[in-house]
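Structure file work03.pdb (PDB, C-alpha atoms, pLDDT in the B column) follows.
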```
ATOM      1  CA  MET A  28      23.470 -35.291 -86.405  1.00 87.00           C
ATOM      2  CA  LEU A  29      26.576 -36.934 -87.864  1.00 91.00           C
ATOM      3  CA  ASN A  30      26.766 -34.418 -90.716  1.00 95.00           C
ATOM      4  CA  ARG A  31      26.399 -31.516 -88.278  1.00 96.00           C
ATOM      5  CA  ILE A  32      29.256 -32.806 -86.094  1.00 96.00           C
ATOM      6  CA  ILE A  33      31.470 -33.282 -89.159  1.00 96.00           C
ATOM      7  CA  ALA A  34      30.625 -29.720 -90.262  1.00 97.00           C
ATOM      8  CA  MET A  35      31.470 -28.320 -86.806  1.00 97.00           C
ATOM      9  CA  ARG A  36      34.798 -30.183 -86.755  1.00 97.00           C
ATOM     10  CA  SER A  37      35.640 -28.886 -90.217  1.00 98.00           C
ATOM     11  CA  GLY A  38      34.538 -25.358 -89.325  1.00 98.00           C
ATOM     12  CA  LEU A  39      36.663 -25.280 -86.184  1.00 98.00           C
ATOM     13  CA  LYS A  40      39.737 -26.549 -88.027  1.00 98.00           C
ATOM     14  CA  LYS A  41      39.261 -24.049 -90.881  1.00 98.00           C
ATOM     15  CA  ARG A  42      38.891 -21.152 -88.449  1.00 98.00           C
ATOM     16  CA  LEU A  43      41.990 -22.128 -86.478  1.00 98.00           C
ATOM     17  CA  GLU A  44      43.984 -22.400 -89.701  1.00 98.00           C
ATOM     18  CA  ALA A  45      42.618 -19.061 -90.962  1.00 98.00           C
ATOM     19  CA  LEU A  46      43.716 -17.443 -87.695  1.00 98.00           C
ATOM     20  CA  LYS A  47      47.145 -19.041 -88.248  1.00 98.00           C
ATOM     21  CA  THR A  48      46.958 -20.695 -84.855  1.00 98.00           C
ATOM     22  CA  PRO A  49      50.317 -22.404 -84.225  1.00 97.00           C
ATOM     23  CA  GLY A  50      50.344 -26.178 -84.512  1.00 95.00           C
ATOM     24  CA  SER A  51      48.592 -28.765 -86.603  1.00 96.00           C
ATOM     25  CA  TRP A  52      44.824 -29.039 -86.235  1.00 97.00           C
ATOM     26  CA  ASP A  53      44.368 -32.101 -88.453  1.00 97.00           C
ATOM     27  CA  HIS A  54      43.416 -34.183 -85.417  1.00 96.00           C
ATOM     28  CA  ILE A  55      40.147 -32.250 -85.126  1.00 97.00           C
ATOM     29  CA  THR A  56      38.858 -33.671 -88.391  1.00 97.00           C
ATOM     30  CA  SER A  57      40.625 -37.022 -88.206  1.00 96.00           C
ATOM     31  CA  GLN A  58      38.983 -37.963 -84.894  1.00 95.00           C
ATOM     32  CA  ARG A  59      35.437 -39.279 -84.906  1.00 93.00           C
ATOM     33  CA  GLY A  60      32.460 -39.019 -82.606  1.00 93.00           C
ATOM     34  CA  MET A  61      30.918 -36.390 -80.385  1.00 95.00           C
ATOM     35  CA  PHE A  62      34.153 -35.584 -78.542  1.00 96.00           C
ATOM     36  CA  CYS A  63      37.574 -34.332 -79.585  1.00 96.00           C
ATOM     37  CA  LEU A  64      40.898 -34.068 -77.785  1.00 96.00           C
ATOM     38  CA  ILE A  65      42.071 -30.558 -78.634  1.00 95.00           C
ATOM     39  CA  GLY A  66      45.666 -31.088 -77.551  1.00 94.00           C
ATOM     40  CA  LEU A  67      46.126 -28.312 -74.998  1.00 95.00           C
ATOM     41  CA  ALA A  68      48.207 -28.555 -71.829  1.00 95.00           C
ATOM     42  CA  PRO A  69      46.481 -28.395 -68.410  1.00 96.00           C
ATOM     43  CA  ALA A  70      47.581 -24.774 -67.871  1.00 96.00           C
ATOM     44  CA  GLN A  71      46.105 -23.869 -71.250  1.00 97.00           C
ATOM     45  CA  ILE A  72      42.830 -25.611 -70.379  1.00 97.00           C
ATOM     46  CA  GLU A  73      42.635 -23.523 -67.211  1.00 97.00           C
ATOM     47  CA  TYR A  74      43.302 -20.321 -69.204  1.00 98.00           C
ATOM     48  CA  LEU A  75      40.645 -21.295 -71.753  1.00 97.00           C
ATOM     49  CA  ARG A  76      38.108 -21.754 -68.961  1.00 97.00           C
ATOM     50  CA  LYS A  77      38.940 -18.674 -66.908  1.00 97.00           C
ATOM     51  CA  LYS A  78      39.489 -16.161 -69.683  1.00 98.00           C
ATOM     52  CA  HIS A  79      37.101 -17.369 -72.399  1.00 98.00           C
ATOM     53  CA  HIS A  80      34.552 -19.540 -70.565  1.00 97.00           C
ATOM     54  CA  VAL A  81      35.161 -22.431 -72.964  1.00 97.00           C
ATOM     55  CA  TYR A  82      34.942 -25.628 -70.956  1.00 96.00           C
ATOM     56  CA  THR A  83      36.639 -28.959 -71.603  1.00 96.00           C
ATOM     57  CA  LEU A  84      37.676 -31.823 -69.405  1.00 95.00           C
ATOM     58  CA  GLU A  85      41.091 -31.614 -67.738  1.00 94.00           C
ATOM     59  CA  ASN A  86      42.599 -33.696 -70.538  1.00 94.00           C
ATOM     60  CA  GLY A  87      41.279 -31.316 -73.226  1.00 94.00           C
ATOM     61  CA  ARG A  88      38.353 -33.477 -74.277  1.00 97.00           C
ATOM     62  CA  MET A  89      35.805 -31.162 -75.907  1.00 97.00           C
ATOM     63  CA  ASN A  90      32.168 -31.877 -76.680  1.00 97.00           C
ATOM     64  CA  VAL A  91      32.009 -31.224 -80.438  1.00 96.00           C
ATOM     65  CA  ALA A  92      28.236 -31.691 -80.398  1.00 95.00           C
ATOM     66  CA  ALA A  93      28.022 -28.501 -78.294  1.00 96.00           C
ATOM     67  CA  LEU A  94      29.592 -26.444 -81.100  1.00 97.00           C
ATOM     68  CA  THR A  95      27.134 -24.438 -83.176  1.00 97.00           C
ATOM     69  CA  PRO A  96      27.464 -22.002 -86.065  1.00 97.00           C
ATOM     70  CA  SER A  97      26.819 -19.193 -83.581  1.00 98.00           C
ATOM     71  CA  ASN A  98      29.608 -20.135 -81.122  1.00 98.00           C
ATOM     72  CA  LEU A  99      32.213 -21.541 -83.526  1.00 98.00           C
ATOM     73  CA  ASP A 100      34.005 -18.208 -84.037  1.00 98.00           C
ATOM     74  CA  HIS A 101      34.197 -17.622 -80.275  1.00 98.00           C
ATOM     75  CA  VAL A 102      35.590 -21.110 -79.614  1.00 98.00           C
ATOM     76  CA  ALA A 103      38.163 -20.853 -82.412  1.00 98.00           C
ATOM     77  CA  TRP A 104      39.319 -17.385 -81.314  1.00 98.00           C
ATOM     78  CA  SER A 105      39.489 -18.578 -77.706  1.00 98.00           C
ATOM     79  CA  ILE A 106      41.673 -21.554 -78.618  1.00 98.00           C
ATOM     80  CA  HIS A 107      43.835 -19.291 -80.781  1.00 98.00           C
ATOM     81  CA  ASP A 108      44.340 -16.794 -77.947  1.00 98.00           C
ATOM     82  CA  THR A 109      45.046 -19.617 -75.510  1.00 98.00           C
ATOM     83  CA  VAL A 110      47.716 -21.185 -77.714  1.00 97.00           C
ATOM     84  CA  LEU A 111      49.415 -17.818 -78.161  1.00 97.00           C
ATOM     85  CA  ASN A 112      49.187 -16.499 -74.613  1.00 97.00           C
ATOM     86  CA  ALA A 113      48.827 -19.302 -72.070  1.00 95.00           C
ATOM     87  CA  LYS A 114      51.872 -21.080 -70.774  1.00 83.00           C
ATOM     88  CA  GLY A 115      51.717 -24.733 -71.648  1.00 71.00           C
TER      89      GLY A 115
END
```
Take the structure I supplied and represent it as structure tokens, if you would.
Amino acid sequence: MLNRIIAMRSGLKKRLEALKTPGSWDHITSQRGMFCLIGLAPAQIEYLRKKHHVYTLENGRMNVAALTPSNLDHVAWSIHDTVLNAKG
């Protein structure tokens, strides 16, 4: 399980960087455990939920264990779009 979570963290960070999503995403791989603070503002969290159906807590805490190889591209693209288009 630990190796899978590390792989999902790494995969998300690599995808965000490949998309050239503004900001630093180092915190995704530097944090540990099943959850990650993704660093989005409350308005961006709301946009992420409503437009992309990607759900986090109000503070941006995301369940990394819920990421899978089949949803990683969707989550990364959703975060990318949110950073570019949601007011934060």
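When all atoms listed in the file are used to compute distances to Gly66 (chain A), the closest of the residues A:Ile106, A:Met28, A:Leu111, A:Leu46 turns out to be A:Ile106.
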Computed gap from CA of Thr95 (chain A) to CA of Leu75 (chain A) is 18.0 Å
On this structure, which residues satisfy the PyMOL selection byres ((chain A and resi 63) around 6), written as number ranges by chain?
-> A: 62, 64-65, 88-89
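Between Leu29 (chain A) and the residues A:Lys114, A:His101, A:His79, A:Arg59, the shortest atom-to-atom distance, using all atoms listed in the file, involves A:Arg59.
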What separation in Å, quoted to one decimal, exists between CA of Pro96 (chain A) and CA of Met35 (chain A)?
-> 7.5 Å
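Candidate residues A:Arg76, A:His54, A:Lys47, A:Lys40 were compared for distance to Thr109 (chain A), and the nearest is A:Arg76, using only C-alpha atoms.
With CA of Gln71 (chain A) on one side and CA of Ser37 (chain A) on the other, the separation reads 22.2 Å.
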Between A:Val91, A:Ala45, A:Ala70, A:Leu84, smallest distance to Ile32 (chain A) by only C-alpha atoms belongs to A:Val91
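Distances to Ala68 (chain A) were evaluated for A:Gly87, A:Asp100, A:Arg36, A:Glu44 using only C-alpha atoms, and the minimum falls at A:Gly87.
Residue nearest Asn30 (chain A) within the list A:Ile55, A:Ile72, A:Leu67, A:Ala92: A:Ala92 [criterion: smallest interatomic distance, only C-alpha atoms].
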Who sits within 6 Å of His107 (chain A), only C-alpha atoms, same chain under 3 positions skipped, as a VMD selection string = chain A and resid 48 104 110
